[in-house]
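Next up, entry-v8.cif (mmCIF, N, CA and C atoms):
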```
data_entry
#
loop_
_atom_site.label_atom_id
_atom_site.label_comp_id
_atom_site.auth_asym_id
_atom_site.auth_seq_id
_atom_site.Cartn_x
_atom_site.Cartn_y
_atom_site.Cartn_z
N MET P 57 -2.41 -3.70 16.62
CA MET P 57 -3.73 -3.41 17.20
C MET P 57 -4.75 -4.42 16.67
N GLU P 58 -5.54 -4.98 17.56
CA GLU P 58 -6.54 -5.97 17.18
C GLU P 58 -7.70 -5.30 16.46
N LYS P 59 -8.14 -5.94 15.38
CA LYS P 59 -9.24 -5.43 14.59
C LYS P 59 -10.55 -5.54 15.37
N LYS P 60 -11.41 -4.55 15.21
CA LYS P 60 -12.72 -4.55 15.87
C LYS P 60 -13.54 -5.74 15.38
N ARG P 61 -14.18 -6.44 16.28
CA ARG P 61 -15.02 -7.59 15.93
C ARG P 61 -16.28 -7.09 15.26
N ASN P 62 -16.61 -7.67 14.10
CA ASN P 62 -17.78 -7.27 13.34
C ASN P 62 -18.73 -8.46 13.26
N VAL P 63 -19.95 -8.29 13.71
CA VAL P 63 -20.91 -9.39 13.79
C VAL P 63 -22.22 -9.03 13.10
N SER P 64 -22.99 -10.08 12.80
CA SER P 64 -24.37 -9.95 12.36
C SER P 64 -25.23 -10.74 13.33
N VAL P 65 -26.33 -10.13 13.76
CA VAL P 65 -27.21 -10.80 14.73
C VAL P 65 -28.66 -10.69 14.28
N LEU P 66 -29.44 -11.64 14.78
CA LEU P 66 -30.86 -11.68 14.48
C LEU P 66 -31.67 -11.58 15.76
N ILE P 67 -32.73 -10.76 15.71
CA ILE P 67 -33.68 -10.68 16.81
C ILE P 67 -35.03 -11.19 16.29
N PRO P 68 -35.34 -12.46 16.56
CA PRO P 68 -36.68 -12.93 16.22
C PRO P 68 -37.68 -12.24 17.15
N CYS P 69 -38.82 -11.81 16.61
CA CYS P 69 -39.79 -11.12 17.46
C CYS P 69 -41.21 -11.51 17.05
N ARG P 70 -42.08 -11.35 18.00
CA ARG P 70 -43.51 -11.61 17.83
C ARG P 70 -44.27 -10.41 18.36
N ILE P 71 -45.35 -10.07 17.69
CA ILE P 71 -46.20 -8.98 18.18
C ILE P 71 -47.56 -9.58 18.49
N GLN P 72 -47.95 -9.45 19.76
CA GLN P 72 -49.24 -9.96 20.22
C GLN P 72 -49.92 -8.88 21.03
N ASN P 73 -51.15 -8.55 20.66
CA ASN P 73 -51.92 -7.51 21.38
C ASN P 73 -51.10 -6.23 21.55
N LYS P 74 -50.43 -5.82 20.47
CA LYS P 74 -49.60 -4.60 20.43
C LYS P 74 -48.40 -4.66 21.35
N GLN P 75 -48.07 -5.85 21.87
CA GLN P 75 -46.87 -6.04 22.69
C GLN P 75 -45.83 -6.76 21.86
N VAL P 76 -44.56 -6.32 21.98
CA VAL P 76 -43.46 -6.94 21.26
C VAL P 76 -42.72 -7.90 22.19
N PHE P 77 -42.52 -9.12 21.70
CA PHE P 77 -41.75 -10.12 22.42
C PHE P 77 -40.52 -10.46 21.58
N VAL P 78 -39.35 -10.48 22.20
CA VAL P 78 -38.11 -10.80 21.49
C VAL P 78 -37.54 -12.11 22.00
N TYR P 79 -36.92 -12.86 21.10
CA TYR P 79 -36.37 -14.18 21.41
C TYR P 79 -34.86 -14.03 21.57
N LEU P 80 -34.39 -14.30 22.78
CA LEU P 80 -32.98 -14.12 23.11
C LEU P 80 -32.32 -15.45 23.47
N GLN P 81 -31.03 -15.49 23.31
CA GLN P 81 -30.22 -16.67 23.62
C GLN P 81 -29.64 -16.58 25.03
N LYS P 82 -29.74 -17.66 25.77
CA LYS P 82 -29.07 -17.77 27.07
C LYS P 82 -27.69 -18.37 26.80
N ARG P 83 -26.64 -17.61 27.06
CA ARG P 83 -25.28 -18.07 26.81
C ARG P 83 -24.83 -19.05 27.89
N GLU P 84 -23.93 -19.95 27.51
CA GLU P 84 -23.42 -20.94 28.45
C GLU P 84 -22.60 -20.28 29.56
N LYS P 85 -22.53 -20.93 30.70
CA LYS P 85 -21.77 -20.42 31.84
C LYS P 85 -20.26 -20.40 31.60
N ASN P 86 -19.79 -21.23 30.67
CA ASN P 86 -18.35 -21.33 30.42
C ASN P 86 -17.87 -20.50 29.23
N ARG P 87 -18.70 -19.62 28.67
CA ARG P 87 -18.30 -18.79 27.53
C ARG P 87 -17.25 -17.78 27.96
N LYS P 88 -16.32 -17.47 27.06
CA LYS P 88 -15.27 -16.48 27.36
C LYS P 88 -15.87 -15.08 27.46
N VAL P 89 -16.81 -14.79 26.58
CA VAL P 89 -17.42 -13.46 26.53
C VAL P 89 -18.85 -13.56 27.07
N LEU P 90 -19.14 -12.77 28.06
CA LEU P 90 -20.48 -12.66 28.66
C LEU P 90 -21.09 -14.01 29.04
N PRO P 91 -20.40 -14.78 29.85
CA PRO P 91 -20.96 -16.07 30.27
C PRO P 91 -22.26 -15.87 31.05
N ASP P 92 -23.20 -16.78 30.85
CA ASP P 92 -24.46 -16.81 31.59
C ASP P 92 -25.36 -15.59 31.34
N HIS P 93 -25.07 -14.82 30.30
CA HIS P 93 -25.88 -13.66 29.94
C HIS P 93 -26.90 -14.04 28.86
N PHE P 94 -27.88 -13.19 28.67
CA PHE P 94 -28.76 -13.29 27.53
C PHE P 94 -28.22 -12.39 26.44
N GLY P 95 -28.45 -12.77 25.20
CA GLY P 95 -27.98 -11.97 24.07
C GLY P 95 -28.68 -12.38 22.80
N PHE P 96 -28.15 -11.91 21.69
CA PHE P 96 -28.74 -12.16 20.39
C PHE P 96 -28.10 -13.38 19.74
N PHE P 97 -28.83 -14.02 18.88
CA PHE P 97 -28.28 -15.11 18.07
C PHE P 97 -27.52 -14.49 16.90
N GLY P 98 -26.39 -15.08 16.55
CA GLY P 98 -25.59 -14.59 15.43
C GLY P 98 -24.12 -14.67 15.79
N GLY P 99 -23.29 -14.04 14.96
CA GLY P 99 -21.87 -14.10 15.24
C GLY P 99 -21.03 -13.37 14.22
N LYS P 100 -19.75 -13.70 14.25
CA LYS P 100 -18.71 -12.99 13.50
C LYS P 100 -18.88 -13.13 11.99
N ILE P 101 -18.63 -12.02 11.32
CA ILE P 101 -18.62 -12.00 9.86
C ILE P 101 -17.24 -12.46 9.41
N GLU P 102 -17.21 -13.51 8.62
CA GLU P 102 -15.95 -14.06 8.13
C GLU P 102 -15.45 -13.26 6.92
N GLU P 103 -14.15 -13.42 6.62
CA GLU P 103 -13.56 -12.76 5.47
C GLU P 103 -14.34 -13.12 4.21
N ARG P 104 -14.59 -12.14 3.37
CA ARG P 104 -15.31 -12.27 2.09
C ARG P 104 -16.79 -12.59 2.26
N GLU P 105 -17.33 -12.37 3.43
CA GLU P 105 -18.75 -12.58 3.68
C GLU P 105 -19.44 -11.24 3.83
N THR P 106 -20.63 -11.10 3.31
CA THR P 106 -21.43 -9.91 3.57
C THR P 106 -22.11 -10.08 4.93
N PRO P 107 -22.57 -9.00 5.53
CA PRO P 107 -23.31 -9.16 6.79
C PRO P 107 -24.52 -10.09 6.66
N ALA P 108 -25.24 -10.01 5.55
CA ALA P 108 -26.41 -10.87 5.35
C ALA P 108 -26.00 -12.34 5.20
N GLN P 109 -24.91 -12.61 4.50
CA GLN P 109 -24.43 -13.99 4.38
C GLN P 109 -24.01 -14.55 5.74
N ALA P 110 -23.32 -13.72 6.51
CA ALA P 110 -22.90 -14.15 7.85
C ALA P 110 -24.11 -14.45 8.72
N LEU P 111 -25.11 -13.61 8.62
CA LEU P 111 -26.33 -13.82 9.41
C LEU P 111 -26.96 -15.17 9.08
N GLU P 112 -27.13 -15.43 7.80
CA GLU P 112 -27.76 -16.69 7.39
C GLU P 112 -26.94 -17.89 7.88
N ARG P 113 -25.62 -17.84 7.70
CA ARG P 113 -24.76 -18.95 8.14
C ARG P 113 -24.83 -19.14 9.65
N GLU P 114 -24.69 -18.06 10.40
CA GLU P 114 -24.68 -18.14 11.86
C GLU P 114 -26.02 -18.66 12.41
N ILE P 115 -27.13 -18.19 11.85
CA ILE P 115 -28.44 -18.61 12.34
C ILE P 115 -28.68 -20.08 12.02
N GLN P 116 -28.23 -20.52 10.86
CA GLN P 116 -28.35 -21.94 10.55
C GLN P 116 -27.52 -22.78 11.52
N GLU P 117 -26.32 -22.30 11.85
CA GLU P 117 -25.45 -23.03 12.78
C GLU P 117 -26.01 -23.04 14.20
N GLU P 118 -26.55 -21.92 14.64
CA GLU P 118 -26.97 -21.78 16.03
C GLU P 118 -28.40 -22.24 16.30
N MET P 119 -29.27 -22.19 15.27
CA MET P 119 -30.68 -22.47 15.49
C MET P 119 -31.28 -23.49 14.54
N CYS P 120 -30.47 -24.01 13.59
CA CYS P 120 -31.00 -24.92 12.56
C CYS P 120 -32.23 -24.29 11.90
N PHE P 121 -32.10 -23.04 11.52
CA PHE P 121 -33.22 -22.25 10.99
C PHE P 121 -32.70 -21.37 9.87
N VAL P 122 -33.46 -21.27 8.78
CA VAL P 122 -33.09 -20.39 7.67
C VAL P 122 -33.89 -19.09 7.83
N PRO P 123 -33.20 -17.98 8.11
CA PRO P 123 -33.89 -16.71 8.38
C PRO P 123 -34.30 -15.98 7.10
N LYS P 124 -35.44 -16.35 6.54
CA LYS P 124 -35.94 -15.72 5.30
C LYS P 124 -36.83 -14.54 5.63
N GLY P 125 -36.61 -13.44 4.91
CA GLY P 125 -37.45 -12.26 5.09
C GLY P 125 -37.03 -11.34 6.21
N CYS P 126 -35.78 -11.47 6.65
CA CYS P 126 -35.27 -10.58 7.72
C CYS P 126 -35.24 -9.13 7.24
N GLU P 127 -35.38 -8.23 8.17
CA GLU P 127 -35.23 -6.81 7.88
C GLU P 127 -34.03 -6.28 8.64
N PHE P 128 -33.31 -5.37 7.99
CA PHE P 128 -32.15 -4.75 8.60
C PHE P 128 -32.62 -3.60 9.48
N LEU P 129 -32.23 -3.63 10.75
CA LEU P 129 -32.58 -2.54 11.67
C LEU P 129 -31.56 -1.42 11.57
N SER P 130 -30.28 -1.75 11.84
CA SER P 130 -29.22 -0.75 11.80
C SER P 130 -27.88 -1.41 12.08
N LYS P 131 -26.81 -0.66 11.84
CA LYS P 131 -25.48 -1.09 12.26
C LYS P 131 -25.12 -0.26 13.48
N TYR P 132 -24.63 -0.93 14.50
CA TYR P 132 -24.28 -0.29 15.76
C TYR P 132 -22.77 -0.43 15.97
N ASP P 133 -22.13 0.67 16.31
CA ASP P 133 -20.70 0.65 16.59
C ASP P 133 -20.46 0.91 18.06
N PHE P 134 -19.75 -0.03 18.67
CA PHE P 134 -19.39 0.06 20.07
C PHE P 134 -17.87 0.09 20.17
N ILE P 135 -17.33 0.22 21.35
CA ILE P 135 -15.88 0.35 21.53
C ILE P 135 -15.12 -0.83 20.93
N ASP P 136 -15.51 -2.05 21.29
CA ASP P 136 -14.78 -3.24 20.87
C ASP P 136 -15.40 -3.99 19.70
N TRP P 137 -16.60 -3.65 19.32
CA TRP P 137 -17.28 -4.42 18.30
C TRP P 137 -18.32 -3.59 17.58
N SER P 138 -18.71 -4.09 16.41
CA SER P 138 -19.82 -3.47 15.69
C SER P 138 -20.80 -4.58 15.33
N SER P 139 -22.06 -4.23 15.25
CA SER P 139 -23.10 -5.23 15.06
C SER P 139 -24.08 -4.80 13.98
N ASN P 140 -24.28 -5.66 13.00
CA ASN P 140 -25.31 -5.49 11.98
C ASN P 140 -26.54 -6.21 12.53
N VAL P 141 -27.56 -5.45 12.83
CA VAL P 141 -28.72 -6.02 13.53
C VAL P 141 -29.89 -6.18 12.57
N TYR P 142 -30.39 -7.40 12.52
CA TYR P 142 -31.54 -7.76 11.71
C TYR P 142 -32.65 -8.24 12.65
N PHE P 143 -33.89 -8.12 12.19
CA PHE P 143 -35.00 -8.68 12.96
C PHE P 143 -35.93 -9.42 12.01
N LEU P 144 -36.71 -10.31 12.58
CA LEU P 144 -37.63 -11.13 11.81
C LEU P 144 -38.87 -11.37 12.64
N GLU P 145 -40.03 -10.99 12.12
CA GLU P 145 -41.28 -11.31 12.81
C GLU P 145 -41.56 -12.79 12.57
N VAL P 146 -41.77 -13.51 13.66
CA VAL P 146 -41.97 -14.96 13.59
C VAL P 146 -43.36 -15.33 14.10
N ASN P 147 -43.76 -16.55 13.78
CA ASN P 147 -45.09 -17.00 14.17
C ASN P 147 -45.09 -17.64 15.56
N ASP P 148 -46.27 -18.04 16.00
CA ASP P 148 -46.42 -18.63 17.33
C ASP P 148 -45.72 -19.98 17.47
N ASN P 149 -45.43 -20.65 16.35
CA ASN P 149 -44.78 -21.95 16.39
C ASN P 149 -43.25 -21.86 16.31
N PHE P 150 -42.71 -20.66 16.35
CA PHE P 150 -41.28 -20.46 16.13
C PHE P 150 -40.41 -21.37 17.01
N GLU P 151 -40.74 -21.46 18.28
CA GLU P 151 -39.91 -22.26 19.20
C GLU P 151 -39.89 -23.74 18.80
N LYS P 152 -40.92 -24.20 18.11
CA LYS P 152 -40.95 -25.59 17.65
C LYS P 152 -40.22 -25.76 16.32
N GLU P 153 -39.98 -24.65 15.62
CA GLU P 153 -39.32 -24.69 14.31
C GLU P 153 -37.80 -24.58 14.41
N VAL P 154 -37.29 -24.24 15.58
CA VAL P 154 -35.84 -24.08 15.73
C VAL P 154 -35.29 -25.15 16.67
N LYS P 155 -34.01 -25.41 16.51
CA LYS P 155 -33.30 -26.30 17.42
C LYS P 155 -32.06 -25.55 17.87
N ILE P 156 -31.97 -25.24 19.14
CA ILE P 156 -30.87 -24.43 19.65
C ILE P 156 -29.60 -25.28 19.73
N MET P 157 -28.60 -24.87 18.95
CA MET P 157 -27.34 -25.61 18.88
C MET P 157 -26.21 -24.90 19.64
N GLU P 158 -26.36 -23.61 19.88
CA GLU P 158 -25.38 -22.85 20.65
C GLU P 158 -26.13 -22.08 21.72
N GLY P 159 -25.54 -22.03 22.88
CA GLY P 159 -26.22 -21.43 24.01
C GLY P 159 -27.01 -22.50 24.74
N GLU P 160 -27.50 -22.15 25.91
CA GLU P 160 -28.27 -23.12 26.69
C GLU P 160 -29.69 -23.28 26.14
N TYR P 161 -30.31 -22.15 25.78
CA TYR P 161 -31.68 -22.18 25.26
C TYR P 161 -32.06 -20.81 24.72
N GLY P 162 -33.22 -20.71 24.10
CA GLY P 162 -33.78 -19.45 23.68
C GLY P 162 -35.06 -19.19 24.46
N LYS P 163 -35.40 -17.92 24.61
CA LYS P 163 -36.57 -17.56 25.41
C LYS P 163 -37.16 -16.25 24.90
N PHE P 164 -38.49 -16.19 24.83
CA PHE P 164 -39.17 -14.94 24.50
C PHE P 164 -39.27 -14.06 25.73
N PHE P 165 -39.00 -12.77 25.54
CA PHE P 165 -39.09 -11.76 26.60
C PHE P 165 -40.05 -10.67 26.16
N SER P 166 -40.87 -10.20 27.07
CA SER P 166 -41.66 -8.99 26.82
C SER P 166 -40.70 -7.81 26.87
N GLU P 167 -41.16 -6.66 26.43
CA GLU P 167 -40.32 -5.45 26.48
C GLU P 167 -39.87 -5.17 27.91
N LYS P 168 -40.81 -5.22 28.84
CA LYS P 168 -40.49 -4.95 30.24
C LYS P 168 -39.47 -5.95 30.78
N GLU P 169 -39.67 -7.23 30.48
CA GLU P 169 -38.75 -8.27 30.96
C GLU P 169 -37.34 -8.07 30.39
N ALA P 170 -37.27 -7.79 29.09
CA ALA P 170 -35.96 -7.63 28.46
C ALA P 170 -35.21 -6.43 29.02
N LEU P 171 -35.90 -5.31 29.13
CA LEU P 171 -35.21 -4.08 29.57
C LEU P 171 -34.87 -4.09 31.06
N SER P 172 -35.46 -5.01 31.81
CA SER P 172 -35.12 -5.10 33.23
C SER P 172 -34.25 -6.33 33.53
N GLU P 173 -33.89 -7.11 32.50
CA GLU P 173 -33.09 -8.32 32.69
C GLU P 173 -31.65 -7.95 33.07
N PRO P 174 -31.20 -8.32 34.28
CA PRO P 174 -29.84 -7.95 34.71
C PRO P 174 -28.74 -8.65 33.93
N MET P 175 -29.04 -9.77 33.28
CA MET P 175 -28.03 -10.51 32.53
C MET P 175 -28.11 -10.20 31.03
N LEU P 176 -28.55 -8.99 30.68
CA LEU P 176 -28.55 -8.49 29.31
C LEU P 176 -27.79 -7.17 29.34
N THR P 177 -26.80 -7.02 28.46
CA THR P 177 -25.95 -5.82 28.51
C THR P 177 -26.72 -4.55 28.16
N ASP P 178 -26.21 -3.43 28.62
CA ASP P 178 -26.82 -2.14 28.29
C ASP P 178 -26.78 -1.88 26.79
N ASP P 179 -25.69 -2.29 26.11
CA ASP P 179 -25.61 -2.13 24.66
C ASP P 179 -26.78 -2.85 23.98
N ASN P 180 -27.03 -4.09 24.39
CA ASN P 180 -28.13 -4.85 23.80
C ASN P 180 -29.49 -4.24 24.15
N LYS P 181 -29.62 -3.71 25.34
CA LYS P 181 -30.88 -3.04 25.71
C LYS P 181 -31.10 -1.80 24.85
N ASP P 182 -30.02 -1.08 24.52
CA ASP P 182 -30.15 0.09 23.63
C ASP P 182 -30.64 -0.33 22.25
N ILE P 183 -30.10 -1.43 21.74
CA ILE P 183 -30.54 -1.95 20.44
C ILE P 183 -32.02 -2.33 20.51
N LEU P 184 -32.41 -3.01 21.58
CA LEU P 184 -33.82 -3.41 21.73
C LEU P 184 -34.74 -2.19 21.82
N ARG P 185 -34.31 -1.15 22.50
CA ARG P 185 -35.14 0.07 22.58
C ARG P 185 -35.42 0.61 21.17
N ASP P 186 -34.37 0.62 20.33
CA ASP P 186 -34.54 1.08 18.95
C ASP P 186 -35.53 0.18 18.19
N LEU P 187 -35.41 -1.12 18.40
CA LEU P 187 -36.31 -2.06 17.74
C LEU P 187 -37.75 -1.83 18.19
N TYR P 188 -37.97 -1.64 19.48
CA TYR P 188 -39.32 -1.41 19.99
C TYR P 188 -39.92 -0.15 19.36
N VAL P 189 -39.15 0.92 19.29
CA VAL P 189 -39.64 2.16 18.68
C VAL P 189 -39.99 1.92 17.22
N PHE P 190 -39.11 1.26 16.49
CA PHE P 190 -39.34 0.98 15.07
C PHE P 190 -40.60 0.15 14.86
N LEU P 191 -40.76 -0.92 15.62
CA LEU P 191 -41.91 -1.81 15.45
C LEU P 191 -43.22 -1.14 15.87
N LYS P 192 -43.17 -0.34 16.90
CA LYS P 192 -44.39 0.33 17.35
C LYS P 192 -44.86 1.36 16.33
N LYS P 193 -43.91 2.04 15.66
CA LYS P 193 -44.28 3.00 14.61
C LYS P 193 -44.97 2.27 13.47
N GLY P 194 -44.48 1.09 13.12
CA GLY P 194 -45.04 0.32 12.03
C GLY P 194 -46.38 -0.32 12.34
N ASN P 195 -46.73 -0.40 13.61
CA ASN P 195 -47.98 -1.06 14.00
C ASN P 195 -49.00 -0.10 14.59
N GLU P 196 -48.82 1.19 14.31
CA GLU P 196 -49.78 2.19 14.83
C GLU P 196 -51.00 2.23 13.95
#
```

Would you put the structure from the file into structure tokens?
Amino acid sequence: MEKKRNVSVLIPCRIQNKQVFVYLQKREKNRKVLPDHFGFFGGKIEERETPAQALEREIQEEMCFVPKGCEFLSKYDFIDWSSNVYFLEVNDNFEKEVKIMEGEYGKFFSEKEALSEPMLTDDNKDILRDLYVFLKKGNE
């Protein structure tokens, strides 16, 4: 039996005028898993790596960015995979501070745009809903 895939992912976010914007990755059209979809930056946790170590390595590989000050949102278990989800509030210059090395590009989405995006999985939308609730409680 194949072992469940365990990943760490980062959701960079910005809060402007009490609105939350999340930065998502556009996956390449030729990817084996979820081609041409939007998703989170991050990836597989390697043997002997903690979720936080995997997150830092993956984000450096995918975005040429060191994710300092991330907060852990939660661990999510799905049928085929589990995800350690972190988020990081970023500044207005974030897009100029990163260089996208995996995926076609990154893009900020408003809450409405993300939750209505047809090329974003329902699992990822569920994670985003939790993030929106968490961030809104903290900014009341």

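Run against this file, the PyMOL selection byres (((chain P and resi 158 and name CA) around 8) and name CA) gives back Arg83, Glu117, Glu118, Met119, Ile156, Met157, Gly159, Glu160 and Tyr161 of chain P.
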
Report task. Just the residues within 8 Å of region 62-71 of chain P, please, counting only N, CA and C atoms, with nothing from its chain fewer than 4 positions along; format it as a PyMOL selection string. Result -> chain P and resi 75-80+95-102+106-108+110-112+114-115+136-148+164

Just to be explicit: take each residue in the selection above, keep N, CA and C atoms, and write the result as an mmCIF file, keeping the file's coordinate frame.
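Generated output (out_11.cif):
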```cif
data_model
loop_
_atom_site.group_PDB
_atom_site.id
_atom_site.type_symbol
_atom_site.label_atom_id
_atom_site.label_comp_id
_atom_site.auth_asym_id
_atom_site.auth_seq_id
_atom_site.Cartn_x
_atom_site.Cartn_y
_atom_site.Cartn_z
ATOM 1 N N GLN P 75 -48.070 -5.850 21.870
ATOM 2 C CA GLN P 75 -46.870 -6.040 22.690
ATOM 3 C C GLN P 75 -45.830 -6.760 21.860
ATOM 4 N N VAL P 76 -44.560 -6.320 21.980
ATOM 5 C CA VAL P 76 -43.460 -6.940 21.260
ATOM 6 C C VAL P 76 -42.720 -7.900 22.190
ATOM 7 N N PHE P 77 -42.520 -9.120 21.700
ATOM 8 C CA PHE P 77 -41.750 -10.120 22.420
ATOM 9 C C PHE P 77 -40.520 -10.460 21.580
ATOM 10 N N VAL P 78 -39.350 -10.480 22.200
ATOM 11 C CA VAL P 78 -38.110 -10.800 21.490
ATOM 12 C C VAL P 78 -37.540 -12.110 22.000
ATOM 13 N N TYR P 79 -36.920 -12.860 21.100
ATOM 14 C CA TYR P 79 -36.370 -14.180 21.410
ATOM 15 C C TYR P 79 -34.860 -14.030 21.570
ATOM 16 N N LEU P 80 -34.390 -14.300 22.780
ATOM 17 C CA LEU P 80 -32.980 -14.120 23.110
ATOM 18 C C LEU P 80 -32.320 -15.450 23.470
ATOM 19 N N GLY P 95 -28.450 -12.770 25.200
ATOM 20 C CA GLY P 95 -27.980 -11.970 24.070
ATOM 21 C C GLY P 95 -28.680 -12.380 22.800
ATOM 22 N N PHE P 96 -28.150 -11.910 21.690
ATOM 23 C CA PHE P 96 -28.740 -12.160 20.390
ATOM 24 C C PHE P 96 -28.100 -13.380 19.740
ATOM 25 N N PHE P 97 -28.830 -14.020 18.880
ATOM 26 C CA PHE P 97 -28.280 -15.110 18.070
ATOM 27 C C PHE P 97 -27.520 -14.490 16.900
ATOM 28 N N GLY P 98 -26.390 -15.080 16.550
ATOM 29 C CA GLY P 98 -25.590 -14.590 15.430
ATOM 30 C C GLY P 98 -24.120 -14.670 15.790
ATOM 31 N N GLY P 99 -23.290 -14.040 14.960
ATOM 32 C CA GLY P 99 -21.870 -14.100 15.240
ATOM 33 C C GLY P 99 -21.030 -13.370 14.220
ATOM 34 N N LYS P 100 -19.750 -13.700 14.250
ATOM 35 C CA LYS P 100 -18.710 -12.990 13.500
ATOM 36 C C LYS P 100 -18.880 -13.130 11.990
ATOM 37 N N ILE P 101 -18.630 -12.020 11.320
ATOM 38 C CA ILE P 101 -18.620 -12.000 9.860
ATOM 39 C C ILE P 101 -17.240 -12.460 9.410
ATOM 40 N N GLU P 102 -17.210 -13.510 8.620
ATOM 41 C CA GLU P 102 -15.950 -14.060 8.130
ATOM 42 C C GLU P 102 -15.450 -13.260 6.920
ATOM 43 N N THR P 106 -20.630 -11.100 3.310
ATOM 44 C CA THR P 106 -21.430 -9.910 3.570
ATOM 45 C C THR P 106 -22.110 -10.080 4.930
ATOM 46 N N PRO P 107 -22.570 -9.000 5.530
ATOM 47 C CA PRO P 107 -23.310 -9.160 6.790
ATOM 48 C C PRO P 107 -24.520 -10.090 6.660
ATOM 49 N N ALA P 108 -25.240 -10.010 5.550
ATOM 50 C CA ALA P 108 -26.410 -10.870 5.350
ATOM 51 C C ALA P 108 -26.000 -12.340 5.200
ATOM 52 N N ALA P 110 -23.320 -13.720 6.510
ATOM 53 C CA ALA P 110 -22.900 -14.150 7.850
ATOM 54 C C ALA P 110 -24.110 -14.450 8.720
ATOM 55 N N LEU P 111 -25.110 -13.610 8.620
ATOM 56 C CA LEU P 111 -26.330 -13.820 9.410
ATOM 57 C C LEU P 111 -26.960 -15.170 9.080
ATOM 58 N N GLU P 112 -27.130 -15.430 7.800
ATOM 59 C CA GLU P 112 -27.760 -16.690 7.390
ATOM 60 C C GLU P 112 -26.940 -17.890 7.880
ATOM 61 N N GLU P 114 -24.690 -18.060 10.400
ATOM 62 C CA GLU P 114 -24.680 -18.140 11.860
ATOM 63 C C GLU P 114 -26.020 -18.660 12.410
ATOM 64 N N ILE P 115 -27.130 -18.190 11.850
ATOM 65 C CA ILE P 115 -28.440 -18.610 12.340
ATOM 66 C C ILE P 115 -28.680 -20.080 12.020
ATOM 67 N N ASP P 136 -15.510 -2.050 21.290
ATOM 68 C CA ASP P 136 -14.780 -3.240 20.870
ATOM 69 C C ASP P 136 -15.400 -3.990 19.700
ATOM 70 N N TRP P 137 -16.600 -3.650 19.320
ATOM 71 C CA TRP P 137 -17.280 -4.420 18.300
ATOM 72 C C TRP P 137 -18.320 -3.590 17.580
ATOM 73 N N SER P 138 -18.710 -4.090 16.410
ATOM 74 C CA SER P 138 -19.820 -3.470 15.690
ATOM 75 C C SER P 138 -20.800 -4.580 15.330
ATOM 76 N N SER P 139 -22.060 -4.230 15.250
ATOM 77 C CA SER P 139 -23.100 -5.230 15.060
ATOM 78 C C SER P 139 -24.080 -4.800 13.980
ATOM 79 N N ASN P 140 -24.280 -5.660 13.000
ATOM 80 C CA ASN P 140 -25.310 -5.490 11.980
ATOM 81 C C ASN P 140 -26.540 -6.210 12.530
ATOM 82 N N VAL P 141 -27.560 -5.450 12.830
ATOM 83 C CA VAL P 141 -28.720 -6.020 13.530
ATOM 84 C C VAL P 141 -29.890 -6.180 12.570
ATOM 85 N N TYR P 142 -30.390 -7.400 12.520
ATOM 86 C CA TYR P 142 -31.540 -7.760 11.710
ATOM 87 C C TYR P 142 -32.650 -8.240 12.650
ATOM 88 N N PHE P 143 -33.890 -8.120 12.190
ATOM 89 C CA PHE P 143 -35.000 -8.680 12.960
ATOM 90 C C PHE P 143 -35.930 -9.420 12.010
ATOM 91 N N LEU P 144 -36.710 -10.310 12.580
ATOM 92 C CA LEU P 144 -37.630 -11.130 11.810
ATOM 93 C C LEU P 144 -38.870 -11.370 12.640
ATOM 94 N N GLU P 145 -40.030 -10.990 12.120
ATOM 95 C CA GLU P 145 -41.280 -11.310 12.810
ATOM 96 C C GLU P 145 -41.560 -12.790 12.570
ATOM 97 N N VAL P 146 -41.770 -13.510 13.660
ATOM 98 C CA VAL P 146 -41.970 -14.960 13.590
ATOM 99 C C VAL P 146 -43.360 -15.330 14.100
ATOM 100 N N ASN P 147 -43.760 -16.550 13.780
ATOM 101 C CA ASN P 147 -45.090 -17.000 14.170
ATOM 102 C C ASN P 147 -45.090 -17.640 15.560
ATOM 103 N N ASP P 148 -46.270 -18.040 16.000
ATOM 104 C CA ASP P 148 -46.420 -18.630 17.330
ATOM 105 C C ASP P 148 -45.720 -19.980 17.470
ATOM 106 N N PHE P 164 -38.490 -16.190 24.830
ATOM 107 C CA PHE P 164 -39.170 -14.940 24.500
ATOM 108 C C PHE P 164 -39.270 -14.060 25.730
#
```

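Using only C-alpha atoms, the shortest contact distance between Phe94 (chain P) and any of P:Lys152, P:Arg113, P:Ser166, P:Glu173 is found at P:Glu173.
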
Query raised in the report: Which of chain P counts as helix (DSSP H, G or I) under DSSP, as a ChimeraX atom specification please?
Result: /P:107-119,150-153,167-172,178-194

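Minimum distance to Pro91 (chain P) across P:Leu176, P:Phe190, P:Arg185, P:Ala170 (counting only C-alpha atoms) occurs at P:Leu176.
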
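Here CA of Arg61 (chain P) and CA of Leu171 (chain P) stand 24.6 Å from one another.
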
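CA of Asp182 (chain P) lies 12.5 Å from CA of Leu129 (chain P).
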
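Between atom N of Leu184 (chain P) and CA of Val122 (chain P) there is a distance of 22.3 Å.
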
Query raised in the report: DSSP on the backbone: what in chain P comes out strand (DSSP E or B), as a PyMOL selection string?
Result: chain P and resi 61-72+75-82+94-95+97-100+127-133+137-145+161-166+176

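Across P:Ser130, P:Gln109, P:Gln81, P:Asn180, the tightest approach to Lys163 (chain P) is made by P:Gln81 when counting only N, CA and C atoms.
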
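Nearest-residue note for Val154 (chain P): choosing from P:Arg104, P:His93, P:Cys120, P:Lys59, the minimum distance belongs to P:Cys120, counting only C-alpha atoms.
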